[in-house]
$ cat my_file_1.cif   # mmCIF, C-alpha atoms
data_start
#
loop_
_atom_site.label_atom_id
_atom_site.label_comp_id
_atom_site.auth_asym_id
_atom_site.auth_seq_id
_atom_site.Cartn_x
_atom_site.Cartn_y
_atom_site.Cartn_z
CA MET A 26 -18.27 71.71 -6.00
CA TRP A 27 -19.67 68.72 -7.88
CA ARG A 28 -16.81 68.91 -10.32
CA LYS A 29 -14.35 68.74 -7.41
CA LEU A 30 -16.17 65.80 -5.87
CA TYR A 31 -16.23 64.03 -9.22
CA ALA A 32 -12.53 64.67 -9.73
CA TRP A 33 -11.81 63.29 -6.26
CA LEU A 34 -13.80 60.13 -6.96
CA GLU A 35 -12.41 59.79 -10.48
CA ASP A 36 -8.88 60.04 -9.14
CA ARG A 37 -9.49 57.10 -6.81
CA LEU A 38 -11.99 54.92 -8.67
CA GLY A 39 -10.90 55.42 -12.27
CA LEU A 40 -14.52 55.74 -13.44
CA GLU A 41 -13.57 56.88 -16.93
CA GLU A 42 -11.36 53.86 -17.43
CA ILE A 43 -14.26 51.60 -16.48
CA TYR A 44 -16.53 53.50 -18.85
CA LYS A 45 -14.01 53.24 -21.71
CA ALA A 46 -13.45 49.54 -21.12
CA THR A 47 -17.09 48.53 -20.80
CA LEU A 48 -19.35 50.90 -22.72
CA ASP A 49 -17.25 53.06 -25.04
CA ARG A 50 -16.69 50.73 -27.96
CA PRO A 51 -17.44 50.89 -31.66
CA GLU A 52 -20.79 49.48 -32.69
CA PRO A 53 -22.01 48.28 -36.06
CA LYS A 54 -24.73 50.43 -37.60
CA GLY A 55 -27.68 50.72 -35.26
CA ASN A 56 -30.03 47.78 -35.35
CA TRP A 57 -32.89 47.05 -32.97
CA TRP A 58 -32.24 43.31 -33.08
CA ASN A 59 -28.90 43.98 -31.41
CA THR A 60 -30.62 45.39 -28.30
CA LEU A 61 -32.14 42.06 -27.22
CA GLY A 62 -29.12 41.13 -25.11
CA SER A 63 -29.40 44.36 -23.14
CA ALA A 64 -33.14 43.76 -22.87
CA SER A 65 -32.45 40.29 -21.41
CA LEU A 66 -30.01 41.81 -18.91
CA PHE A 67 -32.56 44.45 -17.92
CA LEU A 68 -35.24 41.79 -17.42
CA PHE A 69 -32.83 39.73 -15.30
CA LEU A 70 -32.23 42.74 -13.05
CA LEU A 71 -35.97 43.54 -12.94
CA GLN A 72 -36.77 39.96 -11.96
CA GLY A 73 -34.05 40.11 -9.35
CA VAL A 74 -35.36 43.31 -7.77
CA THR A 75 -39.05 42.32 -7.80
CA GLY A 76 -38.11 38.84 -6.58
CA ILE A 77 -36.20 40.28 -3.63
CA PHE A 78 -39.25 42.35 -2.73
CA LEU A 79 -41.52 39.30 -2.98
CA THR A 80 -39.44 37.45 -0.39
CA VAL A 81 -40.45 40.10 2.14
CA TYR A 82 -43.86 38.38 2.36
CA TYR A 83 -43.59 35.00 0.63
CA THR A 84 -43.24 31.86 2.78
CA PRO A 85 -41.94 28.65 1.15
CA SER A 86 -43.96 26.27 3.29
CA PRO A 87 -46.90 24.14 2.12
CA ASP A 88 -48.93 25.53 5.03
CA HIS A 89 -48.45 29.16 4.12
CA ALA A 90 -47.14 29.51 0.55
CA TYR A 91 -50.60 29.87 -1.00
CA ASP A 92 -51.92 32.10 1.79
CA SER A 93 -48.87 34.34 1.72
CA ILE A 94 -49.36 34.88 -2.01
CA GLN A 95 -53.04 35.65 -1.48
CA TYR A 96 -51.85 38.17 1.10
CA ILE A 97 -49.41 39.74 -1.37
CA MET A 98 -52.09 39.93 -4.07
CA ASN A 99 -55.01 41.20 -1.99
CA ASP A 100 -53.74 42.94 1.14
CA VAL A 101 -50.28 44.48 0.77
CA ALA A 102 -50.16 47.88 -0.95
CA PHE A 103 -48.99 47.37 -4.55
CA GLY A 104 -48.33 43.68 -3.88
CA TRP A 105 -50.32 42.88 -7.04
CA LEU A 106 -48.02 45.19 -8.99
CA ILE A 107 -44.74 43.73 -7.69
CA ARG A 108 -45.93 40.15 -8.22
CA GLY A 109 -47.52 41.05 -11.56
CA ILE A 110 -44.24 42.45 -12.84
CA HIS A 111 -42.38 39.35 -11.62
CA HIS A 112 -45.00 37.00 -13.12
CA TRP A 113 -45.20 38.61 -16.56
CA GLY A 114 -41.54 39.59 -16.54
CA SER A 115 -40.61 35.91 -16.30
CA THR A 116 -42.57 35.04 -19.43
CA LEU A 117 -41.17 38.06 -21.22
CA MET A 118 -37.63 37.15 -20.19
CA VAL A 119 -37.93 33.64 -21.65
CA ILE A 120 -39.27 35.12 -24.90
CA VAL A 121 -36.62 37.85 -25.13
CA VAL A 122 -33.75 35.46 -24.33
CA PHE A 123 -35.06 33.04 -26.95
CA VAL A 124 -35.49 35.71 -29.64
CA HIS A 125 -31.98 36.97 -28.78
CA MET A 126 -30.68 33.47 -29.47
CA VAL A 127 -32.59 33.26 -32.75
CA ARG A 128 -31.11 36.62 -33.81
CA VAL A 129 -27.57 35.44 -33.06
CA PHE A 130 -28.25 32.26 -35.02
CA VAL A 131 -29.79 33.99 -38.03
CA THR A 132 -27.00 36.59 -38.29
CA ALA A 133 -24.40 33.82 -37.77
CA SER A 134 -22.88 35.81 -34.90
CA TYR A 135 -21.91 32.60 -33.11
CA LYS A 136 -19.00 31.95 -35.51
CA TYR A 137 -15.32 32.53 -34.81
CA PRO A 138 -14.25 34.15 -32.50
CA ARG A 139 -17.58 34.11 -30.63
CA GLU A 140 -18.18 30.35 -30.18
CA LEU A 141 -17.74 30.57 -26.40
CA THR A 142 -20.13 33.53 -26.19
CA TRP A 143 -22.70 31.30 -27.87
CA ILE A 144 -22.03 28.32 -25.59
CA PHE A 145 -22.31 30.42 -22.43
CA GLY A 146 -25.44 31.97 -23.97
CA VAL A 147 -26.99 28.52 -24.32
CA GLY A 148 -26.19 28.01 -20.64
CA LEU A 149 -28.00 31.27 -19.88
CA LEU A 150 -31.06 30.10 -21.82
CA LEU A 151 -31.16 26.84 -19.87
CA LEU A 152 -30.71 28.65 -16.56
CA THR A 153 -33.51 31.05 -17.51
CA LEU A 154 -35.78 28.08 -18.20
CA GLY A 155 -34.66 26.63 -14.84
CA MET A 156 -35.76 29.86 -13.15
CA GLY A 157 -39.14 29.52 -14.87
CA PHE A 158 -39.50 25.89 -13.82
CA THR A 159 -38.58 26.43 -10.16
CA GLY A 160 -40.56 29.66 -9.87
CA TYR A 161 -43.69 28.03 -11.26
CA LEU A 162 -44.06 25.77 -8.20
CA LEU A 163 -43.76 28.52 -5.61
CA PRO A 164 -47.40 29.79 -5.64
CA TRP A 165 -48.32 26.25 -4.52
CA ASN A 166 -51.68 26.26 -6.27
CA GLN A 167 -53.21 23.37 -8.20
CA ARG A 168 -51.65 24.43 -11.48
CA SER A 169 -48.13 24.80 -10.10
CA TYR A 170 -48.37 21.59 -8.07
CA TRP A 171 -49.43 19.45 -11.02
CA ALA A 172 -47.11 21.18 -13.46
CA THR A 173 -44.22 20.24 -11.17
CA GLU A 174 -45.59 16.72 -10.75
CA VAL A 175 -45.50 16.35 -14.54
CA GLY A 176 -42.24 18.24 -15.04
CA THR A 177 -40.29 16.18 -12.52
CA ARG A 178 -41.74 12.98 -14.03
CA ILE A 179 -40.52 14.03 -17.46
CA ALA A 180 -37.05 14.47 -15.95
CA GLY A 181 -37.55 11.04 -14.36
CA SER A 182 -38.11 9.39 -17.75
CA VAL A 183 -34.38 9.56 -18.58
CA PRO A 184 -33.07 5.99 -19.04
CA LEU A 185 -31.12 4.43 -16.13
CA ILE A 186 -30.59 7.56 -14.02
CA GLY A 187 -34.13 8.94 -14.39
CA ASP A 188 -35.34 7.86 -10.96
CA SER A 189 -32.31 9.45 -9.29
CA ILE A 190 -32.92 12.73 -11.14
CA LEU A 191 -36.55 12.72 -10.05
CA ARG A 192 -35.54 12.10 -6.43
CA VAL A 193 -32.90 14.83 -6.49
CA LEU A 194 -35.37 17.32 -7.98
CA ARG A 195 -38.10 16.43 -5.47
CA GLY A 196 -35.90 15.82 -2.46
CA GLY A 197 -37.42 12.35 -2.19
CA PRO A 198 -39.88 10.15 -4.05
CA ASP A 199 -42.84 12.48 -3.46
CA LEU A 200 -43.61 16.07 -4.31
CA SER A 201 -43.54 17.47 -0.78
CA ALA A 202 -42.53 20.30 1.51
CA LEU A 203 -38.93 19.36 0.68
CA THR A 204 -39.63 19.93 -3.02
CA LEU A 205 -41.09 23.37 -2.35
CA GLN A 206 -38.15 24.31 -0.14
CA ARG A 207 -35.48 23.20 -2.59
CA PHE A 208 -37.26 24.81 -5.53
CA PHE A 209 -37.37 28.01 -3.49
CA SER A 210 -33.68 27.77 -2.65
CA GLY A 211 -32.86 27.02 -6.28
CA HIS A 212 -35.06 29.87 -7.47
CA ILE A 213 -33.69 32.60 -5.22
CA TRP A 214 -30.08 31.53 -4.56
CA ILE A 215 -28.56 28.73 -6.61
CA ILE A 216 -29.77 29.49 -10.14
CA PRO A 217 -29.54 33.30 -9.80
CA ALA A 218 -25.95 32.96 -8.55
CA LEU A 219 -25.09 30.77 -11.54
CA LEU A 220 -26.93 33.17 -13.86
CA ALA A 221 -25.03 36.17 -12.52
CA ALA A 222 -21.70 34.38 -12.93
CA VAL A 223 -22.42 33.22 -16.48
CA ILE A 224 -23.79 36.64 -17.41
CA GLY A 225 -20.47 38.05 -16.24
CA VAL A 226 -18.53 35.74 -18.55
CA HIS A 227 -20.96 36.33 -21.43
CA LEU A 228 -20.66 40.13 -21.08
CA TYR A 229 -16.88 39.94 -20.82
CA LEU A 230 -16.81 38.01 -24.09
CA VAL A 231 -19.19 40.49 -25.75
CA MET A 232 -16.90 43.35 -24.69
CA ARG A 233 -13.77 41.52 -25.74
CA HIS A 234 -14.96 40.70 -29.24
CA GLY A 235 -17.38 43.55 -29.84
CA GLU A 236 -20.57 43.05 -31.78
CA SER A 237 -20.52 41.17 -35.02
CA HIS A 238 -20.97 42.80 -38.35
CA PHE A 239 -24.59 42.58 -39.50
CA PRO A 240 -24.66 40.36 -42.61
CA ASP A 241 -25.37 42.13 -45.90
CA LYS A 242 -25.88 40.99 -49.49
CA ASP A 243 -22.21 40.12 -49.95
CA ASP A 244 -22.23 37.60 -47.10
CA MET B 5 -24.48 72.55 -33.73
CA THR B 6 -25.55 75.44 -35.92
CA SER B 7 -26.24 78.03 -33.20
CA SER B 8 -25.50 78.15 -29.47
CA ASN B 9 -29.11 78.30 -28.20
CA ARG B 10 -30.10 75.16 -30.05
CA MET B 11 -29.79 71.95 -28.18
CA SER B 12 -27.43 69.38 -29.61
CA ARG B 13 -28.79 65.96 -30.50
CA ARG B 14 -26.61 64.39 -27.81
CA ASP B 15 -27.86 66.75 -25.10
CA PHE B 16 -31.47 66.24 -26.15
CA ILE B 17 -31.10 62.47 -25.82
CA LYS B 18 -29.37 62.86 -22.45
CA VAL B 19 -32.15 65.08 -21.08
CA THR B 20 -34.90 62.89 -22.51
CA ILE B 21 -33.41 59.71 -21.06
CA GLY B 22 -32.90 61.44 -17.71
CA ALA B 23 -36.51 62.67 -17.65
CA ILE B 24 -38.02 59.32 -18.66
CA GLY B 25 -35.77 57.54 -16.18
CA GLY B 26 -36.85 59.93 -13.44
CA VAL B 27 -40.56 59.40 -14.17
CA MET B 28 -40.06 55.63 -14.22
CA GLY B 29 -38.08 55.80 -10.98
CA VAL B 30 -40.86 57.67 -9.19
CA LEU B 31 -43.59 55.46 -10.68
CA LEU B 32 -41.78 52.37 -9.41
CA GLY B 33 -40.32 53.87 -6.23
CA VAL B 34 -43.62 54.95 -4.66
CA PRO B 35 -45.25 51.48 -4.93
CA VAL B 36 -42.11 49.84 -3.57
CA VAL B 37 -42.04 52.07 -0.48
CA GLY B 38 -45.76 51.46 0.07
CA TYR B 39 -45.26 47.73 -0.40
CA LEU B 40 -42.53 47.58 2.23
CA LEU B 41 -44.12 49.87 4.82
CA GLN B 42 -47.90 49.45 4.61
CA PRO B 43 -48.32 46.33 6.82
CA ALA B 44 -46.23 47.98 9.55
CA PHE B 45 -48.74 50.79 9.97
CA ARG B 46 -51.96 48.87 9.48
CA LYS B 47 -54.52 49.26 12.26
CA GLN B 48 -56.60 46.33 13.44
CA ALA B 49 -60.06 46.87 14.86
CA ALA B 50 -59.49 46.12 18.55
CA GLU B 51 -63.03 46.80 19.72
CA ALA B 52 -66.42 45.47 18.73
CA TRP B 53 -69.96 44.82 19.89
CA ILE B 54 -70.25 41.09 20.43
CA PRO B 55 -73.59 39.24 20.71
CA ILE B 56 -73.50 36.70 23.53
CA GLY B 57 -77.04 35.32 23.39
CA LYS B 58 -80.75 36.04 23.65
CA LEU B 59 -81.57 38.01 26.78
CA GLU B 60 -84.53 35.73 27.58
CA ALA B 61 -82.22 32.68 27.53
CA PHE B 62 -80.42 33.91 30.64
CA THR B 63 -82.25 32.89 33.84
CA ILE B 64 -82.91 35.64 36.35
CA GLY B 65 -80.89 35.32 39.56
CA ILE B 66 -78.46 32.60 38.44
CA PRO B 67 -75.12 33.31 36.67
CA SER B 68 -75.14 31.74 33.19
CA PRO B 69 -71.96 31.17 31.18
CA PHE B 70 -71.22 32.56 27.72
CA SER B 71 -68.18 32.44 25.50
CA PHE B 72 -66.93 33.95 22.25
CA THR B 73 -63.82 33.83 20.07
CA ARG B 74 -61.85 36.71 18.60
CA THR B 75 -59.51 36.13 15.68
CA LYS B 76 -56.44 38.26 15.13
CA VAL B 77 -55.11 38.39 11.59
CA ASN B 78 -51.45 39.18 10.93
CA GLY B 79 -50.74 38.68 7.26
CA TRP B 80 -51.59 35.05 6.53
CA GLU B 81 -51.48 34.05 10.19
CA ARG B 82 -54.73 33.86 12.15
CA THR B 83 -54.69 33.58 15.93
CA ALA B 84 -57.97 32.70 17.63
CA THR B 85 -58.40 33.58 21.28
CA SER B 86 -61.46 32.49 23.21
CA TYR B 87 -63.04 34.54 25.95
CA GLY B 88 -65.74 33.64 28.41
CA GLY B 89 -67.82 35.04 31.22
CA PHE B 90 -71.05 34.92 33.17
CA VAL B 91 -74.28 36.87 32.83
CA LEU B 92 -76.30 37.53 35.96
CA ARG B 93 -79.73 39.06 35.45
CA ARG B 94 -80.83 40.67 38.68
CA SER B 95 -84.40 41.34 37.49
CA GLU B 96 -86.63 41.65 34.39
CA ASP B 97 -85.14 45.10 33.78
CA PRO B 98 -82.69 44.79 30.83
CA LYS B 99 -80.44 47.34 32.53
CA GLU B 100 -80.08 45.31 35.72
CA ILE B 101 -77.45 42.93 34.42
CA LEU B 102 -74.02 42.07 35.80
CA ILE B 103 -71.61 40.62 33.24
CA LEU B 104 -68.33 39.23 34.55
CA SER B 105 -65.30 37.86 32.77
CA SER B 106 -64.44 34.30 33.77
CA ARG B 107 -60.69 35.04 33.62
CA CYS B 108 -59.24 34.71 37.10
CA THR B 109 -57.27 37.84 37.99
CA HIS B 110 -54.53 35.72 39.56
CA LEU B 111 -53.07 33.68 36.64
CA SER B 112 -55.84 33.79 34.04
CA CYS B 113 -57.43 30.37 34.68
CA ARG B 114 -61.15 30.05 33.97
CA VAL B 115 -63.37 30.35 37.00
CA ASN B 116 -66.69 28.42 37.21
CA TRP B 117 -69.92 29.23 38.99
CA ASN B 118 -70.54 26.75 41.77
CA GLU B 119 -74.17 26.68 42.88
CA ALA B 120 -73.48 24.84 46.16
CA ALA B 121 -70.65 27.21 47.18
CA GLN B 122 -72.61 30.23 45.89
CA GLY B 123 -69.42 31.59 44.37
CA TYR B 124 -67.02 31.47 41.44
CA LEU B 125 -64.28 28.90 42.07
CA CYS B 126 -60.95 28.87 40.32
CA PRO B 127 -59.62 25.35 39.61
CA CYS B 128 -55.97 26.37 39.71
CA HIS B 129 -55.36 27.79 43.20
CA ASP B 130 -58.71 27.41 44.95
CA ALA B 131 -59.62 31.07 44.72
CA LYS B 132 -63.21 31.99 45.46
CA PHE B 133 -65.11 35.03 44.16
CA SER B 134 -68.54 36.18 45.26
CA ILE B 135 -71.53 36.35 42.90
CA GLU B 136 -70.57 40.04 42.42
CA GLY B 137 -67.01 39.06 41.49
CA GLU B 138 -65.37 40.20 44.75
CA VAL B 139 -62.43 38.15 46.05
CA LEU B 140 -63.54 36.02 49.01
CA SER B 141 -60.44 33.87 49.45
CA GLY B 142 -57.27 32.81 47.65
CA PRO B 143 -54.46 34.62 45.83
CA PRO B 144 -56.27 36.86 43.26
CA PRO B 145 -55.26 40.52 43.70
CA GLU B 146 -58.41 42.03 42.16
CA PRO B 147 -62.10 41.25 41.66
CA LEU B 148 -63.23 39.66 38.38
CA GLU B 149 -63.35 42.05 35.43
CA ARG B 150 -66.72 43.43 34.45
CA TYR B 151 -68.17 44.12 31.02
CA ASN B 152 -69.79 47.41 31.98
CA GLU B 153 -70.88 48.42 28.49
CA PHE B 154 -73.69 46.25 27.18
CA LYS B 155 -76.96 46.69 25.31
CA VAL B 156 -79.98 44.73 24.12
CA ASP B 157 -80.88 45.15 20.47
CA GLU B 158 -84.41 45.14 18.98
CA ASP B 159 -84.27 41.36 18.40
CA GLY B 160 -83.61 40.72 22.07
CA ASN B 161 -79.93 39.88 21.72
CA LEU B 162 -77.59 40.83 24.52
CA LEU B 163 -74.39 42.45 23.23
CA ILE B 164 -71.25 43.40 25.10
CA PHE B 165 -68.67 45.97 24.12
CA PHE B 166 -65.31 44.27 23.81
CA GLU B 167 -61.98 46.06 23.86
CA GLU B 168 -58.71 44.28 23.22
CA ALA B 169 -56.42 44.70 26.21
#

$ encode --input "my_file_1.cif" --output "structure tokens"
Amino acid sequence: MWRKLYAWLEDRLGLEEIYKATLDRPEPKGNWWNTLGSASLFLFLLQGVTGIFLTVYYTPSPDHAYDSIQYIMNDVAFGWLIRGIHHWGSTLMVIVVFVHMVRVFVTASYKYPRELTWIFGVGLLLLTLGMGFTGYLLPWNQRSYWATEVGTRIAGSVPLIGDSILRVLRGGPDLSALTLQRFFSGHIWIIPALLAAVIGVHLYLVMRHGESHFPDKDD
Amino acid sequence: MTSSNRMSRRDFIKVTIGAIGGVMGVLLGVPVVGYLLQPAFRKQAAEAWIPIGKLEAFTIGIPSPFSFTRTKVNGWERTATSYGGFVLRRSEDPKEILILSSRCTHLSCRVNWNEAAQGYLCPCHDAKFSIEGEVLSGPPPEPLERYNEFKVDEDGNLLIFFEEA
């Protein structure tokens, strides 16, 4: 029965073709350092899922942001767990993405024909840091407020256009309700959408070129 | 594979990954369902004994006002509602007490005791209630509500039993 169902689906969806094209490719000899990209992807998905669940209770308003997080942490069943995973997962994701980059650099995997994979990867690192920066403000506690005050000022120290950057980041000259709202929007819609798109390109390039040979003594 | 009843390496890895994945799925799935559903089925205490003042502070024979506030908590939102009423002690006996709500039964305005009129007057539509809470004139359809369950504790506090409507 299952075999029939599978055959019916396979006939219409071409599952095996997808499998062959995406996952069934030759790999260099197993190496744990080569799993960091998959680990980054997993963490991105984990952050996405826990983040979606957090929006069930979180409110991006200066009046309620802090209280809604207190509610998630202290009142909702397993709220501490969902937020804990999101909180620590974000730190872990930055570390894993960074170590992944270091690995690619050390093994010289960024060289021809994988230059574009590297460039899009740098974009992914910056977007990941952007997720960390925007997400840090959302709890709206003293630490996140002042971290954003400082962070946006650093962006504002750019010569000539600095003040405009600061205003665009804050939605005005002050750190306000507008800042919280646009950081929220950036954190849950704009940056994740960009991340998903760039991940798509990055993965396509990884599949197209395969994984690089791990350098040995002859290299 | 050397013999047919030995599991191949590939099958072992498949089964192991499936089992670990299943355990992880359950471990994460149960909290997620609880997280999404728990506030929907949370019960709030809708009844309580509320102290409204020292018994001796209420004069015998004259209705004296009292008020209290109940706070409803929904997530991070708190809604305070204030309630009020009048205590009439008929005698020294702590059982001989009439406690009325000051909410007019017409459109929920607050009635006030008027000594000269010897009745409760509603400021909104000129309704008048007797000292017992009966409707004397005006639009209200029913007499004032009574707090029938009350008690005096050992410190001399008068408490009423409050139930959320």

$ interface_residues --input "my_file_1.cif" --of "chain B" --to "chain A" --cutoff "9 Å" --atoms "only C-alpha atoms" --output "VMD selection string"
chain B and resid 35 to 36 38 to 43 79 to 81

$ axis_aligned_box --input "my_file_1.cif" --around "stretch 57-73 of chain B" --padding-each-side "6 Å" --output "AutoDock Vina command-line options"
--center_x -74.2 --center_y 34.6 --center_z 29.8 --size_x 32.7 --size_y 18.8 --size_z 31.5

$ resolve_selection --input "my_file_1.cif" --expression "the PyMOL selection byres ((chain A and resi 210) around 12)" --output "PyMOL selection string"
chain A and resi 80+84-86+156+159-160+162-163+194+203-209+211-218

$ write_last_selection --input "my_file_1.cif" --atoms "C-alpha atoms" --output "PDB file, keeping the file's coordinate frame"
ATOM      1  CA  THR A  80     -39.440  37.450  -0.390  1.00  0.00           C
ATOM      2  CA  THR A  84     -43.240  31.860   2.780  1.00  0.00           C
ATOM      3  CA  PRO A  85     -41.940  28.650   1.150  1.00  0.00           C
ATOM      4  CA  SER A  86     -43.960  26.270   3.290  1.00  0.00           C
ATOM      5  CA  MET A 156     -35.760  29.860 -13.150  1.00  0.00           C
ATOM      6  CA  THR A 159     -38.580  26.430 -10.160  1.00  0.00           C
ATOM      7  CA  GLY A 160     -40.560  29.660  -9.870  1.00  0.00           C
ATOM      8  CA  LEU A 162     -44.060  25.770  -8.200  1.00  0.00           C
ATOM      9  CA  LEU A 163     -43.760  28.520  -5.610  1.00  0.00           C
ATOM     10  CA  LEU A 194     -35.370  17.320  -7.980  1.00  0.00           C
ATOM     11  CA  LEU A 203     -38.930  19.360   0.680  1.00  0.00           C
ATOM     12  CA  THR A 204     -39.630  19.930  -3.020  1.00  0.00           C
ATOM     13  CA  LEU A 205     -41.090  23.370  -2.350  1.00  0.00           C
ATOM     14  CA  GLN A 206     -38.150  24.310  -0.140  1.00  0.00           C
ATOM     15  CA  ARG A 207     -35.480  23.200  -2.590  1.00  0.00           C
ATOM     16  CA  PHE A 208     -37.260  24.810  -5.530  1.00  0.00           C
ATOM     17  CA  PHE A 209     -37.370  28.010  -3.490  1.00  0.00           C
ATOM     18  CA  GLY A 211     -32.860  27.020  -6.280  1.00  0.00           C
ATOM     19  CA  HIS A 212     -35.060  29.870  -7.470  1.00  0.00           C
ATOM     20  CA  ILE A 213     -33.690  32.600  -5.220  1.00  0.00           C
ATOM     21  CA  TRP A 214     -30.080  31.530  -4.560  1.00  0.00           C
ATOM     22  CA  ILE A 215     -28.560  28.730  -6.610  1.00  0.00           C
ATOM     23  CA  ILE A 216     -29.770  29.490 -10.140  1.00  0.00           C
ATOM     24  CA  PRO A 217     -29.540  33.300  -9.800  1.00  0.00           C
ATOM     25  CA  ALA A 218     -25.950  32.960  -8.550  1.00  0.00           C
TER      26      ALA A 218
END

$ atom_distance --input "my_file_1.cif" --atom1 "atom CA of A:Phe145" --atom2 "atom CA of A:Val129"
12.9 Å

$ resolve_selection --input "my_file_1.cif" --expression "the PyMOL selection byres ((chain B and resi 63) around 12)" --output "list of chain:residue names"
B:Gly57, B:Lys58, B:Leu59, B:Glu60, B:Ala61, B:Phe62, B:Ile64, B:Gly65, B:Ile66, B:Pro67, B:Ser68, B:Pro69, B:Phe90, B:Val91, B:Leu92, B:Arg93, B:Arg94, B:Ser95, B:Glu96, B:Ile101

$ write_last_selection --input "my_file_1.cif" --atoms "C-alpha atoms" --output "tab-separated table (two decimals), in the frame of the given file"
chain	number	residue	atom	x	y	z
B	57	GLY	CA	-77.04	35.32	23.39
B	58	LYS	CA	-80.75	36.04	23.65
B	59	LEU	CA	-81.57	38.01	26.78
B	60	GLU	CA	-84.53	35.73	27.58
B	61	ALA	CA	-82.22	32.68	27.53
B	62	PHE	CA	-80.42	33.91	30.64
B	64	ILE	CA	-82.91	35.64	36.35
B	65	GLY	CA	-80.89	35.32	39.56
B	66	ILE	CA	-78.46	32.60	38.44
B	67	PRO	CA	-75.12	33.31	36.67
B	68	SER	CA	-75.14	31.74	33.19
B	69	PRO	CA	-71.96	31.17	31.18
B	90	PHE	CA	-71.05	34.92	33.17
B	91	VAL	CA	-74.28	36.87	32.83
B	92	LEU	CA	-76.30	37.53	35.96
B	93	ARG	CA	-79.73	39.06	35.45
B	94	ARG	CA	-80.83	40.67	38.68
B	95	SER	CA	-84.40	41.34	37.49
B	96	GLU	CA	-86.63	41.65	34.39
B	101	ILE	CA	-77.45	42.93	34.42

$ decode --input "my_file_1.cif" --residues "stretch 113-127 of chain B" --atoms "C-alpha atoms" --output "PDB file, in the first residue's frame"
ATOM      1  CA  CYS B 113     -24.336  53.965  37.330  1.00  0.00           C
ATOM      2  CA  ARG B 114     -23.292  54.324  40.972  1.00  0.00           C
ATOM      3  CA  VAL B 115     -26.114  55.071  43.362  1.00  0.00           C
ATOM      4  CA  ASN B 116     -25.522  57.214  46.495  1.00  0.00           C
ATOM      5  CA  TRP B 117     -27.207  57.175  49.871  1.00  0.00           C
ATOM      6  CA  ASN B 118     -29.127  60.393  50.415  1.00  0.00           C
ATOM      7  CA  GLU B 119     -29.898  61.034  54.074  1.00  0.00           C
ATOM      8  CA  ALA B 120     -32.570  63.686  53.383  1.00  0.00           C
ATOM      9  CA  ALA B 121     -34.418  61.510  50.839  1.00  0.00           C
ATOM     10  CA  GLN B 122     -33.889  58.388  52.992  1.00  0.00           C
ATOM     11  CA  GLY B 123     -33.061  56.431  49.861  1.00  0.00           C
ATOM     12  CA  TYR B 124     -30.400  55.538  47.319  1.00  0.00           C
ATOM     13  CA  LEU B 125     -30.481  57.971  44.390  1.00  0.00           C
ATOM     14  CA  CYS B 126     -29.050  57.268  40.983  1.00  0.00           C
ATOM     15  CA  PRO B 127     -27.472  60.326  39.315  1.00  0.00           C
TER      16      PRO B 127
END
